[in-house]
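S.K.: Pasting start-v1.pdb below, which is PDB, C-alpha atoms, pLDDT in the B column.
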ATOM      1  CA  MET A 436      17.170  22.808  28.627  1.00 57.00           C
ATOM      2  CA  THR A 437      20.176  21.438  30.413  1.00 64.00           C
ATOM      3  CA  LEU A 438      21.848  18.168  29.554  1.00 56.00           C
ATOM      4  CA  LYS A 439      20.745  16.694  32.852  1.00 59.00           C
ATOM      5  CA  LYS A 440      17.069  17.513  32.166  1.00 57.00           C
ATOM      6  CA  CYS A 441      17.362  16.078  28.628  1.00 49.00           C
ATOM      7  CA  LEU A 442      18.817  12.824  29.980  1.00 50.00           C
ATOM      8  CA  ILE A 443      16.047  12.531  32.596  1.00 60.00           C
ATOM      9  CA  LEU A 444      13.363  13.178  29.969  1.00 54.00           C
ATOM     10  CA  LEU A 445      14.949  10.641  27.600  1.00 55.00           C
ATOM     11  CA  SER A 446      15.148   8.051  30.409  1.00 58.00           C
ATOM     12  CA  VAL A 447      11.473   8.559  31.257  1.00 55.00           C
ATOM     13  CA  LEU A 448      10.472   8.124  27.586  1.00 54.00           C
ATOM     14  CA  VAL A 449      12.557   4.945  27.223  1.00 54.00           C
ATOM     15  CA  LEU A 450      11.096   3.458  30.408  1.00 54.00           C
ATOM     16  CA  ALA A 451       7.558   4.317  29.284  1.00 53.00           C
ATOM     17  CA  ALA A 452       8.150   2.639  25.909  1.00 54.00           C
ATOM     18  CA  CYS A 453       9.559  -0.482  27.583  1.00 55.00           C
ATOM     19  CA  GLY A 454       6.587  -0.671  29.938  1.00 55.00           C
ATOM     20  CA  ARG A 455       4.047  -1.043  27.137  1.00 58.00           C
ATOM     21  CA  SER A 456       2.874  -4.580  26.671  1.00 67.00           C
ATOM     22  CA  LYS A 457       1.681  -6.269  23.518  1.00 81.00           C
ATOM     23  CA  ALA A 458      -1.921  -5.413  22.617  1.00 92.00           C
ATOM     24  CA  VAL A 459      -4.524  -8.036  23.482  1.00 92.00           C
ATOM     25  CA  GLN A 460      -6.507  -9.406  20.538  1.00 94.00           C
ATOM     26  CA  PHE A 461     -10.155 -10.286  21.160  1.00 96.00           C
ATOM     27  CA  TYR A 462     -12.184 -13.034  19.469  1.00 96.00           C
ATOM     28  CA  ILE A 463     -15.831 -14.016  19.239  1.00 96.00           C
ATOM     29  CA  LEU A 464     -17.856 -16.887  17.797  1.00 96.00           C
ATOM     30  CA  ASN A 465     -20.563 -15.944  15.313  1.00 96.00           C
ATOM     31  CA  PRO A 466     -23.874 -17.574  14.376  1.00 96.00           C
ATOM     32  CA  LEU A 467     -24.672 -18.735  10.873  1.00 95.00           C
ATOM     33  CA  PRO A 468     -25.717 -16.000   8.443  1.00 91.00           C
ATOM     34  CA  LEU A 469     -29.404 -15.538   7.702  1.00 85.00           C
ATOM     35  CA  PRO A 470     -30.522 -17.152   4.438  1.00 80.00           C
ATOM     36  CA  ALA A 471     -31.700 -14.918   1.605  1.00 72.00           C
ATOM     37  CA  HIS A 472     -35.197 -16.430   1.787  1.00 72.00           C
ATOM     38  CA  SER A 473     -36.948 -17.866   4.819  1.00 70.00           C
ATOM     39  CA  SER A 474     -39.992 -20.133   4.564  1.00 73.00           C
ATOM     40  CA  GLY A 475     -41.250 -19.875   8.153  1.00 72.00           C
ATOM     41  CA  LYS A 476     -42.369 -23.512   7.995  1.00 82.00           C
ATOM     42  CA  TYR A 477     -41.499 -24.117  11.659  1.00 87.00           C
ATOM     43  CA  GLN A 478     -43.676 -21.317  13.025  1.00 85.00           C
ATOM     44  CA  HIS A 479     -45.438 -23.623  15.494  1.00 87.00           C
ATOM     45  CA  LEU A 480     -42.160 -24.975  16.887  1.00 92.00           C
ATOM     46  CA  GLN A 481     -41.148 -23.570  20.275  1.00 94.00           C
ATOM     47  CA  ILE A 482     -37.876 -24.758  21.804  1.00 95.00           C
ATOM     48  CA  GLY A 483     -36.718 -23.961  25.304  1.00 95.00           C
ATOM     49  CA  ILE A 484     -32.999 -24.442  25.867  1.00 96.00           C
ATOM     50  CA  ASP A 485     -32.981 -25.547  29.493  1.00 95.00           C
ATOM     51  CA  SER A 486     -29.209 -25.665  29.862  1.00 95.00           C
ATOM     52  CA  ILE A 487     -25.934 -25.718  28.005  1.00 95.00           C
ATOM     53  CA  GLU A 488     -23.237 -27.097  30.267  1.00 94.00           C
ATOM     54  CA  THR A 489     -19.632 -26.334  29.377  1.00 93.00           C
ATOM     55  CA  PRO A 490     -16.271 -27.232  30.921  1.00 90.00           C
ATOM     56  CA  ALA A 491     -15.068 -24.805  33.593  1.00 88.00           C
ATOM     57  CA  TYR A 492     -12.063 -23.798  31.506  1.00 83.00           C
ATOM     58  CA  VAL A 493     -14.284 -22.001  28.987  1.00 82.00           C
ATOM     59  CA  GLU A 494     -15.184 -19.485  31.687  1.00 86.00           C
ATOM     60  CA  LYS A 495     -11.713 -17.937  31.538  1.00 89.00           C
ATOM     61  CA  PRO A 496     -11.231 -14.897  29.282  1.00 93.00           C
ATOM     62  CA  GLN A 497      -7.960 -16.259  27.875  1.00 93.00           C
ATOM     63  CA  ILE A 498      -8.102 -18.722  24.992  1.00 94.00           C
ATOM     64  CA  MET A 499      -6.787 -22.101  26.091  1.00 93.00           C
ATOM     65  CA  LEU A 500      -4.328 -23.686  23.666  1.00 93.00           C
ATOM     66  CA  TYR A 501      -3.440 -27.335  24.234  1.00 93.00           C
ATOM     67  CA  LEU A 502       0.290 -28.013  23.977  1.00 91.00           C
ATOM     68  CA  GLY A 503      -0.049 -31.737  24.725  1.00 86.00           C
ATOM     69  CA  ARG A 504      -2.625 -34.151  26.120  1.00 83.00           C
ATOM     70  CA  GLN A 505      -2.594 -32.589  29.590  1.00 85.00           C
ATOM     71  CA  GLN A 506      -0.707 -29.331  29.149  1.00 91.00           C
ATOM     72  CA  VAL A 507      -2.463 -26.105  28.201  1.00 89.00           C
ATOM     73  CA  SER A 508      -1.337 -22.548  27.689  1.00 90.00           C
ATOM     74  CA  MET A 509      -3.535 -19.609  28.683  1.00 90.00           C
ATOM     75  CA  GLU A 510      -3.039 -17.167  25.831  1.00 92.00           C
ATOM     76  CA  GLU A 511      -2.835 -13.782  27.600  1.00 92.00           C
ATOM     77  CA  TYR A 512      -2.795 -11.826  24.332  1.00 94.00           C
ATOM     78  CA  HIS A 513      -5.657 -13.813  22.754  1.00 95.00           C
ATOM     79  CA  GLN A 514      -8.889 -13.495  24.709  1.00 95.00           C
ATOM     80  CA  TRP A 515     -12.627 -13.910  24.252  1.00 95.00           C
ATOM     81  CA  ALA A 516     -14.576 -10.686  23.776  1.00 94.00           C
ATOM     82  CA  GLU A 517     -17.379 -12.111  25.943  1.00 93.00           C
ATOM     83  CA  SER A 518     -17.413 -15.148  28.191  1.00 91.00           C
ATOM     84  CA  LEU A 519     -17.331 -18.235  25.985  1.00 92.00           C
ATOM     85  CA  ASP A 520     -20.185 -20.002  27.791  1.00 91.00           C
ATOM     86  CA  LYS A 521     -22.484 -17.014  27.064  1.00 92.00           C
ATOM     87  CA  THR A 522     -21.277 -16.899  23.462  1.00 94.00           C
ATOM     88  CA  ILE A 523     -22.069 -20.590  23.016  1.00 96.00           C
ATOM     89  CA  LYS A 524     -25.624 -20.071  24.334  1.00 95.00           C
ATOM     90  CA  ARG A 525     -26.181 -17.097  22.040  1.00 96.00           C
ATOM     91  CA  VAL A 526     -24.813 -18.868  18.955  1.00 97.00           C
ATOM     92  CA  VAL A 527     -26.772 -22.090  19.569  1.00 97.00           C
ATOM     93  CA  ALA A 528     -30.091 -20.257  20.053  1.00 97.00           C
ATOM     94  CA  THR A 529     -29.518 -17.997  17.037  1.00 97.00           C
ATOM     95  CA  ASN A 530     -28.443 -20.899  14.822  1.00 97.00           C
ATOM     96  CA  LEU A 531     -31.496 -22.974  15.733  1.00 97.00           C
ATOM     97  CA  SER A 532     -33.764 -20.007  14.929  1.00 95.00           C
ATOM     98  CA  THR A 533     -31.995 -19.622  11.579  1.00 94.00           C
ATOM     99  CA  LEU A 534     -31.992 -23.323  10.683  1.00 95.00           C
ATOM    100  CA  LEU A 535     -35.629 -23.809  11.770  1.00 94.00           C
ATOM    101  CA  PRO A 536     -37.204 -20.693  10.199  1.00 93.00           C
ATOM    102  CA  GLY A 537     -40.273 -19.440  11.991  1.00 90.00           C
ATOM    103  CA  SER A 538     -39.465 -21.256  15.236  1.00 92.00           C
ATOM    104  CA  VAL A 539     -39.148 -19.529  18.588  1.00 93.00           C
ATOM    105  CA  VAL A 540     -36.025 -20.489  20.529  1.00 94.00           C
ATOM    106  CA  GLN A 541     -35.155 -19.117  23.960  1.00 94.00           C
ATOM    107  CA  ASN A 542     -32.459 -19.793  26.509  1.00 93.00           C
ATOM    108  CA  SER A 543     -33.471 -20.377  30.124  1.00 92.00           C
ATOM    109  CA  PRO A 544     -34.615 -18.466  32.058  1.00 91.00           C
ATOM    110  CA  TRP A 545     -37.295 -17.443  29.587  1.00 88.00           C
ATOM    111  CA  ASP A 546     -40.283 -15.135  29.718  1.00 87.00           C
ATOM    112  CA  ILE A 547     -43.218 -16.392  31.793  1.00 88.00           C
ATOM    113  CA  GLN A 548     -45.465 -16.240  28.707  1.00 91.00           C
ATOM    114  CA  PHE A 549     -43.181 -18.647  26.802  1.00 90.00           C
ATOM    115  CA  LYS A 550     -44.350 -22.246  27.220  1.00 92.00           C
ATOM    116  CA  PRO A 551     -42.241 -24.442  24.934  1.00 94.00           C
ATOM    117  CA  ALA A 552     -43.433 -27.937  24.037  1.00 91.00           C
ATOM    118  CA  TRP A 553     -39.843 -28.976  23.304  1.00 95.00           C
ATOM    119  CA  HIS A 554     -36.879 -28.754  25.661  1.00 95.00           C
ATOM    120  CA  LEU A 555     -33.193 -29.059  24.850  1.00 97.00           C
ATOM    121  CA  GLN A 556     -30.266 -29.799  27.144  1.00 97.00           C
ATOM    122  CA  ILE A 557     -26.694 -29.746  25.826  1.00 98.00           C
ATOM    123  CA  THR A 558     -23.551 -30.908  27.596  1.00 97.00           C
ATOM    124  CA  ILE A 559     -20.272 -29.887  25.990  1.00 97.00           C
ATOM    125  CA  SER A 560     -17.523 -31.996  27.531  1.00 96.00           C
ATOM    126  CA  GLN A 561     -14.693 -30.886  25.227  1.00 95.00           C
ATOM    127  CA  PHE A 562     -14.209 -27.695  23.216  1.00 95.00           C
ATOM    128  CA  LYS A 563     -10.538 -27.259  22.458  1.00 95.00           C
ATOM    129  CA  ILE A 564      -7.840 -26.275  20.013  1.00 96.00           C
ATOM    130  CA  ASP A 565      -4.208 -27.302  20.038  1.00 95.00           C
ATOM    131  CA  ALA A 566      -0.869 -26.010  18.802  1.00 93.00           C
ATOM    132  CA  LEU A 567      -0.896 -28.524  15.893  1.00 95.00           C
ATOM    133  CA  GLY A 568      -4.074 -27.101  14.332  1.00 96.00           C
ATOM    134  CA  ASN A 569      -6.584 -29.611  15.741  1.00 97.00           C
ATOM    135  CA  SER A 570      -9.995 -28.423  16.850  1.00 97.00           C
ATOM    136  CA  ASP A 571     -12.330 -30.766  18.751  1.00 97.00           C
ATOM    137  CA  LEU A 572     -15.874 -30.488  20.038  1.00 97.00           C
ATOM    138  CA  ARG A 573     -17.439 -33.354  21.998  1.00 98.00           C
ATOM    139  CA  ALA A 574     -21.045 -32.929  23.092  1.00 98.00           C
ATOM    140  CA  SER A 575     -24.223 -34.754  23.955  1.00 98.00           C
ATOM    141  CA  TYR A 576     -27.758 -33.464  23.785  1.00 98.00           C
ATOM    142  CA  LEU A 577     -31.161 -34.448  25.104  1.00 98.00           C
ATOM    143  CA  ILE A 578     -34.490 -33.429  23.597  1.00 97.00           C
ATOM    144  CA  TYR A 579     -37.690 -33.645  25.629  1.00 96.00           C
ATOM    145  CA  GLU A 580     -41.252 -33.326  24.432  1.00 94.00           C
ATOM    146  CA  GLN A 581     -42.841 -31.831  27.536  1.00 88.00           C
ATOM    147  CA  GLU A 582     -41.439 -34.161  30.249  1.00 88.00           C
ATOM    148  CA  ARG A 583     -40.758 -37.166  28.001  1.00 94.00           C
ATOM    149  CA  LEU A 584     -37.207 -37.820  26.773  1.00 95.00           C
ATOM    150  CA  VAL A 585     -37.409 -38.489  23.021  1.00 95.00           C
ATOM    151  CA  VAL A 586     -33.800 -38.075  21.848  1.00 95.00           C
ATOM    152  CA  LYS A 587     -30.385 -38.674  23.369  1.00 97.00           C
ATOM    153  CA  LYS A 588     -27.387 -38.218  21.081  1.00 97.00           C
ATOM    154  CA  GLU A 589     -23.637 -37.873  21.382  1.00 97.00           C
ATOM    155  CA  ARG A 590     -21.496 -36.080  18.812  1.00 97.00           C
ATOM    156  CA  PHE A 591     -17.803 -35.532  18.140  1.00 98.00           C
ATOM    157  CA  TYR A 592     -16.476 -33.036  15.596  1.00 98.00           C
ATOM    158  CA  HIS A 593     -12.874 -32.639  14.514  1.00 98.00           C
ATOM    159  CA  ILE A 594     -11.236 -30.127  12.182  1.00 97.00           C
ATOM    160  CA  LYS A 595      -7.562 -30.052  11.272  1.00 97.00           C
ATOM    161  CA  THR A 596      -6.280 -26.752   9.917  1.00 95.00           C
ATOM    162  CA  SER A 597      -2.845 -26.131   8.433  1.00 95.00           C
ATOM    163  CA  ASP A 598      -3.143 -22.431   9.295  1.00 95.00           C
ATOM    164  CA  LEU A 599      -1.947 -22.217  12.904  1.00 94.00           C
ATOM    165  CA  SER A 600      -2.933 -18.574  13.411  1.00 95.00           C
ATOM    166  CA  MET A 601      -5.249 -17.915  16.339  1.00 95.00           C
ATOM    167  CA  ASP A 602      -7.837 -16.505  13.944  1.00 96.00           C
ATOM    168  CA  ALA A 603      -7.940 -19.785  11.987  1.00 97.00           C
ATOM    169  CA  LEU A 604      -8.079 -21.861  15.171  1.00 97.00           C
ATOM    170  CA  VAL A 605     -10.989 -19.828  16.577  1.00 97.00           C
ATOM    171  CA  SER A 606     -12.718 -20.100  13.197  1.00 97.00           C
ATOM    172  CA  SER A 607     -12.430 -23.908  13.408  1.00 97.00           C
ATOM    173  CA  MET A 608     -14.076 -23.798  16.859  1.00 97.00           C
ATOM    174  CA  ASN A 609     -16.883 -21.732  15.344  1.00 98.00           C
ATOM    175  CA  ASP A 610     -17.300 -24.264  12.509  1.00 98.00           C
ATOM    176  CA  ASN A 611     -17.546 -27.157  14.973  1.00 98.00           C
ATOM    177  CA  LEU A 612     -20.208 -25.362  17.030  1.00 98.00           C
ATOM    178  CA  ASN A 613     -22.170 -24.616  13.850  1.00 97.00           C
ATOM    179  CA  ARG A 614     -21.970 -28.307  12.892  1.00 97.00           C
ATOM    180  CA  LEU A 615     -23.415 -29.273  16.272  1.00 98.00           C
ATOM    181  CA  THR A 616     -26.347 -26.883  15.897  1.00 98.00           C
ATOM    182  CA  ARG A 617     -26.995 -28.141  12.349  1.00 97.00           C
ATOM    183  CA  ASP A 618     -27.273 -31.681  13.711  1.00 97.00           C
ATOM    184  CA  ILE A 619     -29.610 -30.565  16.503  1.00 97.00           C
ATOM    185  CA  ALA A 620     -31.773 -28.618  14.035  1.00 96.00           C
ATOM    186  CA  HIS A 621     -31.937 -31.672  11.749  1.00 95.00           C
ATOM    187  CA  THR A 622     -33.088 -33.780  14.716  1.00 96.00           C
ATOM    188  CA  PHE A 623     -35.860 -31.286  15.530  1.00 94.00           C
ATOM    189  CA  ALA A 624     -36.932 -31.228  11.866  1.00 91.00           C
ATOM    190  CA  MET A 625     -37.215 -35.029  11.849  1.00 89.00           C
ATOM    191  CA  LEU A 626     -39.187 -35.027  15.117  1.00 85.00           C
ATOM    192  CA  ARG A 627     -41.588 -32.448  13.735  1.00 64.00           C
ATOM    193  CA  PHE A 628     -42.329 -34.595  10.702  1.00 56.00           C
ATOM    194  CA  ARG A 629     -42.693 -37.692  12.895  1.00 53.00           C
ATOM    195  CA  SER A 630     -45.273 -36.155  15.226  1.00 47.00           C
TER     196      SER A 630
END
Let me see whether you can do it: turn the structure in this file into structure tokens.
M.R.:
Amino acid sequence: MTLKKCLILLSVLVLAACGRSKAVQFYILNPLPLPAHSSGKYQHLQIGIDSIETPAYVEKPQIMLYLGRQQVSMEEYHQWAESLDKTIKRVVATNLSTLLPGSVVQNSPWDIQFKPAWHLQITISQFKIDALGNSDLRASYLIYEQERLVVKKERFYHIKTSDLSMDALVSSMNDNLNRLTRDIAHTFAMLRFRS
């Protein structure tokens, strides 16, 4: 091989190495683990989740990191493995099924055979993490028995983590969402005993 061909080959290899970008890391929120024993005491409870509204910024694949009150950074190398609004719906429904053993919980649109007596609507107005390790979730929820509104609650959850890694920040978001679903499940449990 001539020197000229060696230099061309070396140049191509160097350019190819420089063109590689940093690998994207993907994240997901997970539901609560199943308990070792399940009583099934909520087997007559059927909950239809009519809607879970989320801010538009959760529809982006990139994780949004707040740098100040109004400034955010779209983290190109830290992205959601599935759209965050779908993840939230999946986690909420799964958590409610876990926390209310025996219940049937479905997200809208549900099967035509499913006729829930209870309906849930959730509005998440804030679901954010910042560069200082703060994680906030602000939400309200409505519970209807058939057409009648029986519960309206607002909740705010805050976690401060000293670990500023993206993994720890996403984990704090997961913890806040789990706290919200625990509160909703507790409300349903109280309503069941009241009726």
S.K.: So for stretch 604-609 of chain A, what box centre and size do we get, axis-aligned, 3 Å extra on each of the six sides, every listed atom, Å to one decimal, as lines of an AutoDock Vina configuration file?
M.R.:
center_x = -12.5
center_y = -21.9
center_z = 15.0
size_x = 14.8
size_y = 10.1
size_z = 9.7
S.K.: Just so the selection is clear, what residues does the PyMOL selection byres ((chain A and resi 470-472) around 10) cover here, as a list in words?
M.R.: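 The output of the PyMOL selection byres ((chain A and resi 470-472) around 10) on this file is Leu467, Pro468, Leu469, Ser473, Ser474, Gly475, Thr533, Leu534 and Pro536 of chain A.
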S.K.: Using all atoms listed in the file for the distances, tell me which of A:Asp610, A:Glu580, A:Glu510, A:Asp520 is nearest to A:Pro490.
M.R.: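 Closest residue, counting all atoms listed in the file: A:Asp520.
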S.K.: Step by step, work through what the PyMOL selection byres ((chain A and resi 600) around 12) selects in the shown file, and finish by giving those residues as a list in words.
M.R.: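 Selected by the PyMOL selection byres ((chain A and resi 600) around 12) in this file: Leu500, His513, Ile564, Asp565, Ala566, Leu567, Gly568, Asn569, Thr596, Ser597, Asp598, Leu599, Met601, Asp602, Ala603, Leu604, Val605, Ser606 and Ser607 of chain A.
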S.K.: Check the smallest atom-to-atom distance from each of A:Gln541, A:Ser532, A:Ser518, A:Asn613 to A:Ile498 using only C-alpha atoms, then report the winner.
M.R.: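 So, comparing all the options, the nearest one is A:Ser518.
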S.K.: What is the distance between atom CA of A:Ile578 and atom CA of A:Trp553, in Å to one decimal?
M.R.: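 Going from atom CA of A:Ile578 over to atom CA of A:Trp553, I get 7.0 Å.
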S.K.: For the point (-26.8, -39.2, 21.0) in the file's frame, write as a count of residues only all residues with an atom no more than 10 Å away, counting all atoms listed in the file.
M.R.: 10
S.K.: Please work out which residues fall within 10 Å of (-38.9, -22.1, 14.7), coordinates as given in the file, with all atoms listed in the file counting, and return them as a list in words.
M.R.: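 Output: Gly475, Lys476, Tyr477, Gln478, His479, Leu480, Gln481, Ile482, Leu531, Ser532, Thr533, Leu534, Leu535, Pro536, Gly537, Ser538, Val539, Val540, Ala620, Phe623 and Ala624 of chain A.
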S.K.: Just how far from atom CA of A:Lys563 is atom CA of A:Leu519, in Å to one decimal?
M.R.: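 Spanning atom CA of A:Leu519 to atom CA of A:Lys563 is a straight-line distance of 11.8 Å.
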S.K.: Which of these residues is nearest to A:Tyr579, using only C-alpha atoms: A:Ser543, A:Thr616, A:Gln556, A:Asn611?
M.R.: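 Using only C-alpha atoms, A:Tyr579 sits closest to A:Gln556.
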S.K.: What gap, in Å, lies between atom CA of A:Tyr501 and atom CA of A:Ala528?
M.R.: 27.9 Å
S.K.: Point out the residue among A:Asn542, A:Gln506, A:Asn609, A:Thr558 with the least atom-to-atom distance to A:Lys524, counting all atoms listed in the file.
M.R.: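 Answer, going by the shortest atom-to-atom distance: A:Asn542.
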S.K.: Using only C-alpha atoms, determine which residues lie at most 9 Å from A:Phe562, disregarding the query and same-chain residues fewer than 4 positions distant; provide the list as an MDAnalysis selection string.
M.R.: chainID A and resid 489:490 493 570:574 608 611:612
S.K.: Write out as a ChimeraX atom specification which residues come within 10 Å of A:Trp545 when counting only C-alpha atoms, dropping same-chain ones fewer than 6 positions away.
M.R.: /A:483-485,551
S.K.: Which residue out of A:Met509, A:Ile559, A:Val459, A:Ala516 has the minimum interatomic distance to A:Ala491 when all atoms listed in the file are used?
M.R.: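 Once distances to A:Ala491 are computed over all atoms listed in the file, the minimum belongs to A:Ile559.
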S.K.: For a quick check of understanding, using all atoms listed in the file, which of A:Ile547, A:Val507, A:Ile463, A:Leu615 has the smallest distance to A:Asn530?
M.R.: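 Checking each candidate against A:Asn530, we get A:Leu615 as the closest.
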S.K.: N, CA and C atoms are needed for stretch 466-486 of chain A; please write them out as a PDB file, in the coordinates of the input.
M.R.:
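Output saved as out17.pdb:
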ATOM      1  N   PRO A 466     -22.859 -16.649  14.889  1.00 96.00           N
ATOM      2  CA  PRO A 466     -23.874 -17.574  14.376  1.00 96.00           C
ATOM      3  C   PRO A 466     -23.842 -17.631  12.853  1.00 96.00           C
ATOM      4  N   LEU A 467     -24.550 -18.600  12.319  1.00 95.00           N
ATOM      5  CA  LEU A 467     -24.672 -18.735  10.873  1.00 95.00           C
ATOM      6  C   LEU A 467     -25.369 -17.514  10.285  1.00 95.00           C
ATOM      7  N   PRO A 468     -25.029 -17.143   9.057  1.00 91.00           N
ATOM      8  CA  PRO A 468     -25.717 -16.000   8.443  1.00 91.00           C
ATOM      9  C   PRO A 468     -27.173 -16.350   8.114  1.00 91.00           C
ATOM     10  N   LEU A 469     -28.007 -15.332   8.080  1.00 85.00           N
ATOM     11  CA  LEU A 469     -29.404 -15.538   7.702  1.00 85.00           C
ATOM     12  C   LEU A 469     -29.486 -15.897   6.228  1.00 85.00           C
ATOM     13  N   PRO A 470     -30.360 -16.836   5.866  1.00 80.00           N
ATOM     14  CA  PRO A 470     -30.522 -17.152   4.438  1.00 80.00           C
ATOM     15  C   PRO A 470     -31.226 -16.010   3.719  1.00 80.00           C
ATOM     16  N   ALA A 471     -31.068 -15.968   2.400  1.00 72.00           N
ATOM     17  CA  ALA A 471     -31.700 -14.918   1.605  1.00 72.00           C
ATOM     18  C   ALA A 471     -33.220 -15.001   1.702  1.00 72.00           C
ATOM     19  N   HIS A 472     -33.747 -16.233   1.709  1.00 72.00           N
ATOM     20  CA  HIS A 472     -35.197 -16.430   1.787  1.00 72.00           C
ATOM     21  C   HIS A 472     -35.499 -17.362   2.952  1.00 72.00           C
ATOM     22  N   SER A 473     -36.556 -17.042   3.680  1.00 70.00           N
ATOM     23  CA  SER A 473     -36.948 -17.866   4.819  1.00 70.00           C
ATOM     24  C   SER A 473     -38.391 -18.299   4.646  1.00 70.00           C
ATOM     25  N   SER A 474     -38.651 -19.602   4.809  1.00 73.00           N
ATOM     26  CA  SER A 474     -39.992 -20.133   4.564  1.00 73.00           C
ATOM     27  C   SER A 474     -40.928 -19.963   5.761  1.00 73.00           C
ATOM     28  N   GLY A 475     -40.405 -19.978   6.962  1.00 72.00           N
ATOM     29  CA  GLY A 475     -41.250 -19.875   8.153  1.00 72.00           C
ATOM     30  C   GLY A 475     -42.037 -21.143   8.425  1.00 72.00           C
ATOM     31  N   LYS A 476     -41.583 -22.276   7.871  1.00 82.00           N
ATOM     32  CA  LYS A 476     -42.369 -23.512   7.995  1.00 82.00           C
ATOM     33  C   LYS A 476     -42.347 -24.122   9.394  1.00 82.00           C
ATOM     34  N   TYR A 477     -41.544 -23.591  10.289  1.00 87.00           N
ATOM     35  CA  TYR A 477     -41.499 -24.117  11.659  1.00 87.00           C
ATOM     36  C   TYR A 477     -42.141 -23.143  12.643  1.00 87.00           C
ATOM     37  N   GLN A 478     -43.121 -22.374  12.184  1.00 85.00           N
ATOM     38  CA  GLN A 478     -43.676 -21.317  13.025  1.00 85.00           C
ATOM     39  C   GLN A 478     -44.397 -21.826  14.266  1.00 85.00           C
ATOM     40  N   HIS A 479     -44.772 -23.089  14.303  1.00 87.00           N
ATOM     41  CA  HIS A 479     -45.438 -23.623  15.494  1.00 87.00           C
ATOM     42  C   HIS A 479     -44.453 -24.337  16.428  1.00 87.00           C
ATOM     43  N   LEU A 480     -43.178 -24.300  16.087  1.00 92.00           N
ATOM     44  CA  LEU A 480     -42.160 -24.975  16.887  1.00 92.00           C
ATOM     45  C   LEU A 480     -41.580 -24.018  17.925  1.00 92.00           C
ATOM     46  N   GLN A 481     -41.714 -24.367  19.185  1.00 94.00           N
ATOM     47  CA  GLN A 481     -41.148 -23.570  20.275  1.00 94.00           C
ATOM     48  C   GLN A 481     -40.184 -24.446  21.064  1.00 94.00           C
ATOM     49  N   ILE A 482     -38.932 -23.988  21.145  1.00 95.00           N
ATOM     50  CA  ILE A 482     -37.876 -24.758  21.804  1.00 95.00           C
ATOM     51  C   ILE A 482     -37.325 -23.950  22.970  1.00 95.00           C
ATOM     52  N   GLY A 483     -37.346 -24.561  24.134  1.00 95.00           N
ATOM     53  CA  GLY A 483     -36.718 -23.961  25.304  1.00 95.00           C
ATOM     54  C   GLY A 483     -35.393 -24.651  25.564  1.00 95.00           C
ATOM     55  N   ILE A 484     -34.314 -23.877  25.547  1.00 96.00           N
ATOM     56  CA  ILE A 484     -32.999 -24.442  25.867  1.00 96.00           C
ATOM     57  C   ILE A 484     -32.831 -24.362  27.378  1.00 96.00           C
ATOM     58  N   ASP A 485     -33.032 -25.503  28.025  1.00 95.00           N
ATOM     59  CA  ASP A 485     -32.981 -25.547  29.493  1.00 95.00           C
ATOM     60  C   ASP A 485     -31.581 -25.248  30.009  1.00 95.00           C
ATOM     61  N   SER A 486     -30.579 -25.876  29.391  1.00 95.00           N
ATOM     62  CA  SER A 486     -29.209 -25.665  29.862  1.00 95.00           C
ATOM     63  C   SER A 486     -28.213 -26.035  28.774  1.00 95.00           C
TER      64      SER A 486
END
